[in-house]
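Text of query_17.txt (compact mmCIF, C-alpha atoms) as supplied:
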# COMPACT_ATOMS: atom_id res chain seq x y z
CA MET A 1 48.71 -9.28 -6.66
CA PRO A 2 45.48 -7.79 -8.04
CA ALA A 3 42.41 -8.07 -5.85
CA LYS A 4 40.26 -11.07 -6.87
CA VAL A 5 36.66 -9.99 -6.85
CA LEU A 6 33.40 -11.80 -7.55
CA ILE A 7 30.40 -9.63 -8.47
CA VAL A 8 26.95 -11.19 -8.15
CA ASP A 9 23.94 -9.45 -9.70
CA ASP A 10 21.02 -10.59 -11.86
CA GLU A 11 21.37 -7.42 -13.99
CA LYS A 12 23.67 -8.58 -16.79
CA ASP A 13 24.27 -5.06 -18.18
CA PHE A 14 25.33 -3.92 -14.73
CA LEU A 15 27.65 -6.89 -14.24
CA ASP A 16 29.36 -6.41 -17.60
CA ILE A 17 30.13 -2.74 -17.13
CA MET A 18 31.23 -3.17 -13.50
CA ALA A 19 33.58 -5.95 -14.56
CA GLU A 20 35.03 -3.75 -17.30
CA ARG A 21 35.54 -0.72 -15.05
CA MET A 22 36.93 -2.69 -12.12
CA GLY A 23 39.16 -4.67 -14.48
CA ALA A 24 40.54 -1.37 -15.81
CA ARG A 25 41.43 -0.54 -12.19
CA GLY A 26 43.62 -3.61 -11.96
CA MET A 27 41.22 -6.02 -10.30
CA ALA A 28 40.70 -9.62 -11.42
CA VAL A 29 36.93 -9.73 -11.76
CA SER A 30 34.60 -12.72 -12.07
CA THR A 31 30.83 -12.43 -12.38
CA ALA A 32 27.76 -14.51 -11.53
CA THR A 33 24.10 -13.79 -12.32
CA SER A 34 22.76 -15.84 -9.42
CA ALA A 35 23.66 -16.56 -5.82
CA GLU A 36 23.57 -20.30 -6.58
CA ASN A 37 26.35 -19.96 -9.18
CA ALA A 38 28.29 -17.60 -6.94
CA LEU A 39 28.23 -20.16 -4.12
CA LYS A 40 29.70 -22.77 -6.44
CA MET A 41 32.39 -20.30 -7.53
CA VAL A 42 33.53 -19.37 -4.01
CA LEU A 43 34.06 -23.04 -3.25
CA LYS A 44 36.47 -23.33 -6.19
CA GLU A 45 38.23 -19.94 -6.08
CA ASP A 46 39.68 -17.85 -3.32
CA TYR A 47 38.25 -14.33 -3.70
CA ASP A 48 39.37 -11.27 -1.78
CA ALA A 49 35.83 -9.92 -1.82
CA VAL A 50 32.36 -10.78 -3.03
CA ILE A 51 30.17 -7.86 -4.16
CA MET A 52 26.57 -9.03 -4.12
CA ASP A 53 23.13 -7.61 -4.85
CA LEU A 54 20.70 -8.08 -2.00
CA MET A 55 17.58 -8.55 -4.13
CA MET A 56 17.92 -11.38 -6.61
CA PRO A 57 15.51 -13.95 -8.04
CA GLU A 58 15.13 -17.36 -6.42
CA MET A 59 17.71 -16.93 -3.64
CA ASP A 60 17.71 -13.47 -2.11
CA GLY A 61 20.83 -11.84 -0.73
CA PHE A 62 20.06 -12.58 2.92
CA LYS A 63 19.74 -16.30 2.34
CA ALA A 64 22.83 -16.19 0.13
CA LEU A 65 24.74 -14.22 2.74
CA LYS A 66 24.00 -16.87 5.39
CA LEU A 67 25.13 -19.64 3.03
CA PHE A 68 28.29 -17.74 2.07
CA LYS A 69 29.15 -17.24 5.72
CA GLU A 70 28.58 -20.95 6.41
CA THR A 71 30.69 -22.14 3.48
CA ARG A 72 33.39 -19.44 3.26
CA PRO A 73 33.31 -17.33 6.44
CA ASP A 74 36.74 -15.88 5.54
CA VAL A 75 35.55 -14.13 2.35
CA PRO A 76 34.38 -10.54 2.97
CA ILE A 77 31.01 -9.75 1.43
CA ILE A 78 29.98 -6.26 0.39
CA LEU A 79 26.31 -5.86 -0.44
CA LEU A 80 25.51 -3.52 -3.31
CA THR A 81 21.82 -2.88 -3.65
CA ALA A 82 19.05 -0.44 -4.49
CA ASN A 83 16.70 1.04 -1.90
CA VAL A 84 17.36 -0.92 1.25
CA PRO A 85 15.73 0.23 4.49
CA GLU A 86 18.17 0.90 7.35
CA GLU A 87 16.91 -2.05 9.42
CA LYS A 88 17.73 -4.39 6.54
CA CYS A 89 21.27 -2.94 6.34
CA ILE A 90 21.71 -3.56 10.07
CA GLU A 91 20.39 -7.10 9.67
CA ALA A 92 22.87 -7.71 6.85
CA ILE A 93 25.79 -6.45 8.93
CA LYS A 94 24.67 -8.67 11.82
CA LEU A 95 24.64 -11.62 9.43
CA GLY A 96 28.26 -10.93 8.58
CA ALA A 97 28.25 -8.53 5.61
CA MET A 98 31.28 -6.26 5.67
CA ASP A 99 29.31 -3.30 4.34
CA VAL A 100 26.15 -2.30 2.48
CA ILE A 101 26.47 0.20 -0.39
CA GLU A 102 23.50 1.70 -2.17
CA LYS A 103 23.14 1.76 -5.96
CA PRO A 104 24.06 3.79 -7.93
CA ALA A 105 27.45 3.40 -6.28
CA ASP A 106 30.59 5.49 -6.36
CA LEU A 107 33.21 3.19 -7.87
CA ASN A 108 36.02 4.93 -5.99
CA LEU A 109 34.25 4.16 -2.71
CA LEU A 110 33.67 0.57 -3.78
CA THR A 111 37.32 0.20 -4.82
CA GLN A 112 38.40 1.44 -1.39
CA LYS A 113 36.06 -1.05 0.29
CA ILE A 114 37.57 -3.85 -1.80
CA LYS A 115 41.07 -2.80 -0.70
CA ASP A 116 39.84 -2.83 2.92
CA ALA A 117 38.32 -6.28 2.36
CA LYS A 118 41.57 -7.62 0.94
CA ALA A 119 43.53 -6.21 3.87
CA ARG A 120 41.03 -7.68 6.32
CA LYS A 121 41.25 -11.10 4.67
CA LYS A 122 45.06 -11.12 4.93
CA LYS A 123 44.92 -10.72 8.72
CA MET B 1 -24.97 -0.33 -3.86
CA GLY B 2 -24.28 0.99 -0.35
CA GLN B 3 -21.13 -1.04 0.24
CA LYS B 4 -18.87 0.68 2.77
CA PRO B 5 -15.38 -0.56 2.05
CA ASP B 6 -13.90 0.26 5.48
CA ILE B 7 -10.59 -1.55 5.06
CA ILE B 8 -10.25 -0.88 1.36
CA PRO B 9 -8.32 2.40 1.71
CA GLU B 10 -5.71 0.64 3.86
CA THR B 11 -5.56 -2.35 1.50
CA GLY B 12 -5.24 0.04 -1.44
CA LEU B 13 -2.45 2.00 0.20
CA GLN B 14 -0.60 -1.22 1.02
CA PHE B 15 -0.91 -2.24 -2.63
CA PHE B 16 0.20 1.18 -3.87
CA GLY B 17 3.09 1.16 -1.38
CA ARG B 18 4.34 -2.28 -2.43
CA ILE B 19 4.16 -1.37 -6.11
CA SER B 20 5.86 2.00 -5.50
CA ALA B 21 8.68 0.31 -3.57
CA SER B 22 9.14 -2.24 -6.33
CA ILE B 23 9.16 0.46 -9.02
CA SER B 24 11.62 2.66 -7.15
CA HIS B 25 13.89 -0.37 -6.77
CA GLU B 26 13.69 -1.04 -10.51
CA ILE B 27 14.42 2.60 -11.34
CA LYS B 28 17.46 2.52 -9.02
CA ASN B 29 18.74 -0.52 -10.94
CA VAL B 30 18.35 1.39 -14.21
CA LEU B 31 20.13 4.42 -12.71
CA ALA B 32 22.97 2.18 -11.52
CA ILE B 33 23.57 1.01 -15.10
CA VAL B 34 23.33 4.56 -16.47
CA ASN B 35 25.72 5.70 -13.73
CA GLU B 36 28.29 3.03 -14.62
CA ASN B 37 28.05 3.95 -18.32
CA ALA B 38 28.68 7.60 -17.43
CA GLY B 39 31.62 6.43 -15.32
CA LEU B 40 32.97 4.36 -18.18
CA LEU B 41 32.68 7.36 -20.48
CA GLU B 42 34.77 9.33 -17.96
CA ASP B 43 37.32 6.49 -17.84
CA LEU B 44 37.57 6.44 -21.64
CA THR B 45 37.89 10.24 -21.82
CA LEU B 46 40.69 10.19 -19.26
CA MET B 47 42.50 7.51 -21.25
CA ALA B 48 41.99 9.53 -24.45
CA ASP B 49 43.58 12.54 -22.73
CA ARG B 50 46.58 10.32 -22.09
CA GLY B 51 46.78 9.36 -25.75
CA LYS B 52 44.72 6.17 -25.95
CA PRO B 53 42.12 6.69 -28.70
CA ILE B 54 38.46 5.93 -27.94
CA ASP B 55 37.14 2.90 -29.81
CA PRO B 56 33.94 3.95 -31.66
CA ALA B 57 32.63 0.37 -31.42
CA ARG B 58 32.78 0.64 -27.62
CA LEU B 59 30.82 3.89 -27.73
CA LYS B 60 28.18 2.24 -29.93
CA ILE B 61 27.72 -0.52 -27.34
CA MET B 62 27.37 2.07 -24.59
CA ALA B 63 24.80 4.02 -26.60
CA ALA B 64 22.79 0.83 -27.19
CA THR B 65 22.89 -0.03 -23.46
CA LEU B 66 21.78 3.46 -22.51
CA LYS B 67 18.91 3.40 -25.03
CA LYS B 68 17.81 0.00 -23.72
CA GLN B 69 17.82 1.24 -20.12
CA VAL B 70 15.95 4.45 -21.03
CA GLY B 71 13.30 2.29 -22.74
CA ARG B 72 13.12 0.07 -19.67
CA ALA B 73 12.70 3.07 -17.33
CA ASP B 74 10.10 4.58 -19.63
CA GLY B 75 8.05 1.36 -19.52
CA ILE B 76 8.28 1.20 -15.72
CA ILE B 77 7.21 4.83 -15.32
CA MET B 78 4.43 4.48 -17.88
CA ASN B 79 2.97 1.56 -15.91
CA MET B 80 3.25 3.55 -12.68
CA ASN B 81 1.46 6.44 -14.35
CA ARG B 82 -1.34 4.15 -15.57
CA LEU B 83 -1.76 2.73 -12.09
CA ALA B 84 -1.83 6.22 -10.56
CA HIS B 85 -4.52 7.36 -13.02
CA SER B 86 -6.64 4.27 -12.35
CA ILE B 87 -7.90 6.09 -9.24
CA ASP B 88 -9.07 9.14 -11.21
CA GLN B 89 -12.61 7.79 -11.35
CA THR B 90 -13.79 5.25 -8.80
CA VAL B 91 -16.14 3.56 -11.25
CA THR B 92 -15.70 3.79 -14.99
CA THR B 93 -15.70 1.76 -18.18
CA ALA B 94 -12.36 0.04 -18.50
CA ASP B 95 -10.58 -2.13 -21.01
CA LEU B 96 -10.25 -5.38 -19.07
CA ASP B 97 -7.43 -6.76 -21.25
CA GLN B 98 -5.30 -3.69 -20.58
CA THR B 99 -6.13 -3.76 -16.87
CA ILE B 100 -5.04 -7.40 -16.56
CA GLU B 101 -1.91 -6.78 -18.63
CA LEU B 102 -1.01 -3.86 -16.40
CA ALA B 103 -1.59 -5.93 -13.24
CA ILE B 104 0.73 -8.61 -14.62
CA ALA B 105 3.35 -6.02 -15.61
CA LEU B 106 3.24 -4.52 -12.11
CA THR B 107 3.70 -7.99 -10.65
CA ALA B 108 6.57 -8.92 -12.98
CA ARG B 109 9.36 -8.14 -10.52
CA PHE B 110 7.61 -10.05 -7.70
CA ALA B 111 7.20 -13.01 -10.07
CA ALA B 112 10.85 -12.85 -11.13
CA MET B 113 11.97 -12.77 -7.49
CA ARG B 114 10.00 -15.95 -6.88
CA GLY B 115 11.08 -17.54 -10.16
CA VAL B 116 7.45 -17.79 -11.32
CA LYS B 117 6.40 -17.40 -14.96
CA VAL B 118 3.02 -15.76 -15.58
CA ASP B 119 1.19 -16.39 -18.88
CA LEU B 120 -1.96 -14.70 -20.10
CA GLN B 121 -4.62 -15.95 -22.53
CA LEU B 122 -7.05 -13.25 -23.59
CA PRO B 123 -10.24 -13.76 -25.60
CA ALA B 124 -10.11 -12.88 -29.30
CA ASN B 125 -12.21 -9.73 -28.85
CA PRO B 126 -11.23 -7.03 -26.32
CA LEU B 127 -13.49 -6.85 -23.27
CA THR B 128 -14.74 -3.66 -21.68
CA ILE B 129 -16.50 -3.68 -18.33
CA LYS B 130 -17.87 -1.03 -16.00
CA THR B 131 -15.82 -1.49 -12.89
CA ALA B 132 -13.61 0.21 -10.29
CA PRO B 133 -10.22 -0.04 -12.05
CA PHE B 134 -8.00 0.63 -9.04
CA TYR B 135 -9.84 -1.82 -6.81
CA LEU B 136 -9.80 -4.37 -9.62
CA MET B 137 -6.06 -3.91 -10.07
CA ASN B 138 -5.64 -4.35 -6.31
CA LEU B 139 -7.70 -7.55 -6.35
CA LEU B 140 -5.86 -8.93 -9.39
CA TRP B 141 -2.55 -8.23 -7.69
CA LEU B 142 -3.68 -10.06 -4.53
CA CYS B 143 -4.92 -13.01 -6.64
CA LEU B 144 -1.65 -13.10 -8.57
CA ASP B 145 0.34 -12.94 -5.34
CA PHE B 146 -1.67 -15.86 -3.96
CA SER B 147 -1.42 -17.79 -7.23
CA MET B 148 2.36 -17.45 -7.24
CA SER B 149 2.43 -18.86 -3.70
CA ALA B 150 0.18 -21.70 -4.89
CA SER B 151 2.16 -22.43 -8.06
CA GLY B 152 4.19 -25.11 -6.28
CA ASP B 153 7.13 -26.72 -8.04
CA GLU B 154 5.76 -25.87 -11.50
CA LYS B 155 6.49 -22.20 -10.83
CA GLN B 156 3.98 -21.21 -13.45
CA VAL B 157 0.67 -19.35 -13.35
CA GLU B 158 -1.64 -19.18 -16.34
CA LEU B 159 -4.41 -16.60 -16.52
CA VAL B 160 -7.27 -17.43 -18.85
CA VAL B 161 -9.88 -14.75 -19.44
CA GLU B 162 -13.33 -15.88 -20.60
CA GLU B 163 -16.54 -13.98 -21.22
CA THR B 164 -19.87 -15.38 -20.06
CA GLU B 165 -23.33 -13.92 -20.54
CA ASN B 166 -23.37 -11.70 -17.45
CA SER B 167 -19.84 -11.84 -16.21
CA VAL B 168 -16.19 -12.23 -17.01
CA ARG B 169 -14.24 -15.16 -15.66
CA ILE B 170 -10.52 -14.99 -14.92
CA ARG B 171 -9.10 -18.42 -14.26
CA PHE B 172 -5.78 -18.59 -12.43
CA ARG B 173 -4.62 -22.00 -13.61
CA ARG B 174 -1.76 -24.48 -13.12
CA LEU B 175 -1.62 -23.86 -9.38
CA ALA B 176 0.17 -27.13 -8.64
CA GLY B 177 0.64 -26.24 -4.98
CA LEU B 178 -2.98 -25.22 -4.31
CA SER B 179 -4.03 -26.89 -1.07
CA ALA B 180 -6.72 -26.72 1.58
CA ALA B 181 -4.12 -25.31 3.98
CA LEU B 182 -3.34 -22.42 1.63
CA LEU B 183 -7.04 -21.75 1.15
CA GLU B 184 -7.49 -21.29 4.91
CA THR B 185 -5.95 -17.84 4.53
CA PHE B 186 -7.33 -16.91 1.13
CA PRO B 187 -9.51 -15.03 0.48
CA SER B 188 -8.92 -12.95 3.60
CA ASP B 189 -10.93 -9.87 4.62
CA ARG B 190 -8.86 -7.78 2.21
CA GLU B 191 -9.95 -9.81 -0.78
CA LYS B 192 -13.52 -10.25 0.53
CA ASN B 193 -14.03 -6.48 0.78
CA LEU B 194 -12.69 -5.92 -2.70
CA LEU B 195 -14.86 -8.74 -4.03
CA ALA B 196 -17.93 -7.12 -2.47
CA VAL B 197 -17.16 -3.71 -3.95
CA LEU B 198 -16.46 -5.20 -7.38
CA GLU B 199 -19.57 -7.43 -7.21
CA ALA B 200 -17.24 -10.32 -7.83
CA ALA B 201 -16.84 -13.87 -6.55
CA LEU B 202 -13.85 -16.10 -6.01
CA THR B 203 -13.90 -19.88 -6.03
CA ALA B 204 -11.09 -22.37 -5.68
CA ASP B 205 -10.78 -25.90 -6.99
CA PRO B 206 -7.64 -27.69 -5.72
CA GLU B 207 -8.40 -30.75 -7.88
CA ARG B 208 -8.31 -28.63 -11.04
CA ALA B 209 -5.46 -26.60 -9.57
CA GLU B 210 -7.23 -23.33 -10.22
CA VAL B 211 -8.81 -20.30 -8.67
CA VAL B 212 -11.60 -18.58 -10.57
CA LEU B 213 -12.46 -14.90 -10.25
CA ARG B 214 -15.87 -13.91 -11.61
CA LEU B 215 -16.34 -10.22 -12.28
CA ALA B 216 -19.59 -8.37 -12.93
CA LYS B 217 -19.66 -6.65 -16.30
CA ASN B 218 -21.46 -3.62 -14.96
CA ILE B 219 -21.09 -2.64 -11.32
CA GLY B 220 -23.10 0.07 -9.53
CA GLU B 221 -21.75 3.22 -7.93
CA ILE B 222 -19.59 2.76 -4.85
CA GLU B 223 -20.25 4.70 -1.70
CA CYS B 224 -16.74 5.33 -0.56
CA PRO B 225 -16.59 7.62 2.50
CA GLN B 226 -12.86 7.12 3.01
CA ARG B 227 -11.71 7.92 -0.49
CA PHE B 228 -8.07 8.77 -0.72
Rewritten as structure tokens:
Amino acid sequence: MPAKVLIVDDEKDFLDIMAERMGARGMAVSTATSAENALKMVLKEDYDAVIMDLMMPEMDGFKALKLFKETRPDVPIILLTANVPEEKCIEAIKLGAMDVIEKPADLNLLTQKIKDAKARKKK
Amino acid sequence: MGQKPDIIPETGLQFFGRISASISHEIKNVLAIVNENAGLLEDLTLMADRGKPIDPARLKIMAATLKKQVGRADGIIMNMNRLAHSIDQTVTTADLDQTIELAIALTARFAAMRGVKVDLQLPANPLTIKTAPFYLMNLLWLCLDFSMSASGDEKQVELVVEETENSVRIRFRRLAGLSAALLETFPSDREKNLLAVLEAALTADPERAEVVLRLAKNIGEIECPQRF
């Protein structure tokens, strides 16, 4: 079964190309341009991992992370974001994020993290 | 004029720091898209090596995306450069329209994060004033930041620039959430010091849902012992 991944980012160009590249690597990729939409999507679908930007309009990643963990605590969340101070990364991990990866990201590293997330979810 | 803006250097550095952080974040987002396009190009090349031809239409889309992102980065860096050069001369003659437009551009990401739309109405003829451009930009940024907090559920701020005989008036309008409670913290010492240096005044009218900034058209020299 291919890994089912939801990518959440307000940068449409980034979402499109990530979906294309991850799709080419055999993943089933869905996208959302806001945390609000992503929250609705995780209630309907069972994703192996959610890849989410930390800095988004309206609802930032921290608030979204808390809501994700309240609604779907079983879904691993990997934060993918630009320029995050170390203390914010630690805060995100404490809130339940599986990992924090800085943009621009290495897709091989991200793919490995998604595999880890899928394995973790199976347990 | 003898004004000693003791806390202004710190306020200015905070402003410059916040803007720099925001700009570096934006540039990282651009780089992330460029990076993924480079990665996709590698993917396509690898597939071509294995016999799958590259679709020229796909390359055209990638080229358009890259051009768009280069244009975006160029705009961000140009604004940063204009802000950096606004400190070249403490007091100088400045194009007020361009200064306000730059302040709004520098605030764009903060506005987007808060879901607030900022509109600007400029007078028909461009306005030039003798002012301290960096301090003015700092004050405009603080006023915009406050106005966004005071925009309430409307999530909209409208700036209207008007010329009077001896001053220029910038009205921050449609502040649906402007309240006495909010005005307890604004203007703070930061804004008051900048207002003094710029020979400006700030008034608030919750009933009209607006804050009005009055700027002198011709300020004196600033004694600034802690210039940075």
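With only C-alpha atoms taken into account, the protein and nucleic acid residues at most 12 Å from Asp13 (chain A) (excluding it and anything under 5 positions from it in its own chain) are A:Met18, A:Ala19, A:Glu20, A:Thr31, A:Thr33, B:Asn29, B:Val30, B:Leu31, B:Ala32, B:Ile33, B:Val34, B:Asn35, B:Glu36, B:Asn37, B:Ile61, B:Met62, B:Ala64, B:Thr65, B:Leu66, B:Lys68, B:Gln69.
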For chain B, which residue among A:Lys4, A:Asp10, A:Leu79, A:Glu87 is the nearest when counting only C-alpha atoms?
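Checking each of A:Lys4, A:Asp10, A:Leu79, A:Glu87 against chain B, counting only C-alpha atoms, the winner is A:Asp10.
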If you count only C-alpha atoms, which residues fall within 7 Å of Leu213 (chain B), apart from same-chain ones fewer than 6 positions away, as a compact mmCIF listing (two decimals) with C-alpha atoms, in the coordinates of the input?
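Writing the result to result_19.txt gives the following:
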# COMPACT_ATOMS: atom_id res chain seq x y z
CA ARG B 169 -14.24 -15.16 -15.66
CA ILE B 170 -10.52 -14.99 -14.92
CA ARG B 171 -9.10 -18.42 -14.26
CA ALA B 201 -16.84 -13.87 -6.55
CA LEU B 202 -13.85 -16.10 -6.01
CA THR B 203 -13.90 -19.88 -6.03
d(CA of Lys115 (chain A), CA of Ala49 (chain A)) in Å:
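About the pair CA of Lys115 (chain A) and CA of Ala49 (chain A): they are 8.9 Å apart.
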Between CA of His85 (chain B) and CA of Pro133 (chain B), what is the spacing in Å?
9.4 Å
For chain B, work out the contacting residues on chain A at 12 Å, counting all atoms listed in the file, and write them as a count of residues only.
41
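Note that the spacing between CA of Ala209 (chain B) and CA of Leu140 (chain B) amounts to 17.7 Å.
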Selection near Ile76 (chain B), 7 Å with all atoms listed in the file, sequence-local residues under 4 positions removed, as a PyMOL selection string
chain B and resi 23+72+80
Excluding Ile104 (chain B) and residues on its chain fewer than 2 positions from it, collect all residues at most 8 Å away from it, counting all atoms listed in the file, and give them as number ranges by chain.
B: 100-102, 106-108, 118, 141, 144
If you count only C-alpha atoms, which residues fall within 12 Å of Asp46 (chain A), apart from same-chain ones fewer than 5 positions away, as a ChimeraX atom specification?
/A:3-6,28,30,38-41,72-76,118,121-122
Could you write out that same residue set with C-alpha atoms as a PDB file, keeping the file's coordinate frame?
ATOM      1  CA  ALA A   3      42.410  -8.070  -5.850  1.00  0.00           C
ATOM      2  CA  LYS A   4      40.260 -11.070  -6.870  1.00  0.00           C
ATOM      3  CA  VAL A   5      36.660  -9.990  -6.850  1.00  0.00           C
ATOM      4  CA  LEU A   6      33.400 -11.800  -7.550  1.00  0.00           C
ATOM      5  CA  ALA A  28      40.700  -9.620 -11.420  1.00  0.00           C
ATOM      6  CA  SER A  30      34.600 -12.720 -12.070  1.00  0.00           C
ATOM      7  CA  ALA A  38      28.290 -17.600  -6.940  1.00  0.00           C
ATOM      8  CA  LEU A  39      28.230 -20.160  -4.120  1.00  0.00           C
ATOM      9  CA  LYS A  40      29.700 -22.770  -6.440  1.00  0.00           C
ATOM     10  CA  MET A  41      32.390 -20.300  -7.530  1.00  0.00           C
ATOM     11  CA  ARG A  72      33.390 -19.440   3.260  1.00  0.00           C
ATOM     12  CA  PRO A  73      33.310 -17.330   6.440  1.00  0.00           C
ATOM     13  CA  ASP A  74      36.740 -15.880   5.540  1.00  0.00           C
ATOM     14  CA  VAL A  75      35.550 -14.130   2.350  1.00  0.00           C
ATOM     15  CA  PRO A  76      34.380 -10.540   2.970  1.00  0.00           C
ATOM     16  CA  LYS A 118      41.570  -7.620   0.940  1.00  0.00           C
ATOM     17  CA  LYS A 121      41.250 -11.100   4.670  1.00  0.00           C
ATOM     18  CA  LYS A 122      45.060 -11.120   4.930  1.00  0.00           C
TER      19      LYS A 122
END
Please complete region 31-42 of chain A with N, CA, C and O atoms and give it back as a short mmCIF file (atom, residue, chain, number, x, y, z; two decimals), in the coordinates of the input.
data_model
loop_
_atom_site.label_atom_id
_atom_site.label_comp_id
_atom_site.auth_asym_id
_atom_site.auth_seq_id
_atom_site.Cartn_x
_atom_site.Cartn_y
_atom_site.Cartn_z
N THR A 31 32.23 -12.82 -12.58
CA THR A 31 30.83 -12.43 -12.38
C THR A 31 29.92 -13.66 -12.29
O THR A 31 30.23 -14.72 -12.84
N ALA A 32 28.79 -13.46 -11.61
CA ALA A 32 27.76 -14.51 -11.53
C ALA A 32 26.40 -13.82 -11.53
O ALA A 32 26.24 -12.77 -10.90
N THR A 33 25.43 -14.41 -12.26
CA THR A 33 24.10 -13.79 -12.32
C THR A 33 23.14 -14.37 -11.28
O THR A 33 21.98 -13.97 -11.22
N SER A 34 23.62 -15.32 -10.49
CA SER A 34 22.76 -15.84 -9.42
C SER A 34 23.61 -16.22 -8.21
O SER A 34 24.81 -16.51 -8.34
N ALA A 35 22.96 -16.20 -7.05
CA ALA A 35 23.66 -16.56 -5.82
C ALA A 35 24.08 -18.03 -5.86
O ALA A 35 25.15 -18.38 -5.33
N GLU A 36 23.25 -18.87 -6.50
CA GLU A 36 23.57 -20.30 -6.58
C GLU A 36 24.92 -20.50 -7.29
O GLU A 36 25.78 -21.24 -6.80
N ASN A 37 25.08 -19.84 -8.44
CA ASN A 37 26.35 -19.96 -9.18
C ASN A 37 27.50 -19.38 -8.38
O ASN A 37 28.60 -19.93 -8.39
N ALA A 38 27.24 -18.25 -7.73
CA ALA A 38 28.29 -17.60 -6.94
C ALA A 38 28.79 -18.52 -5.83
O ALA A 38 29.99 -18.61 -5.56
N LEU A 39 27.84 -19.23 -5.21
CA LEU A 39 28.23 -20.16 -4.12
C LEU A 39 29.15 -21.26 -4.64
O LEU A 39 30.11 -21.64 -3.97
N LYS A 40 28.83 -21.74 -5.84
CA LYS A 40 29.70 -22.77 -6.44
C LYS A 40 31.10 -22.18 -6.71
O LYS A 40 32.11 -22.85 -6.52
N MET A 41 31.12 -20.93 -7.16
CA MET A 41 32.39 -20.30 -7.53
C MET A 41 33.28 -20.04 -6.31
O MET A 41 34.49 -20.21 -6.39
N VAL A 42 32.69 -19.64 -5.19
CA VAL A 42 33.53 -19.37 -4.01
C VAL A 42 34.11 -20.65 -3.40
O VAL A 42 35.09 -20.59 -2.67
#
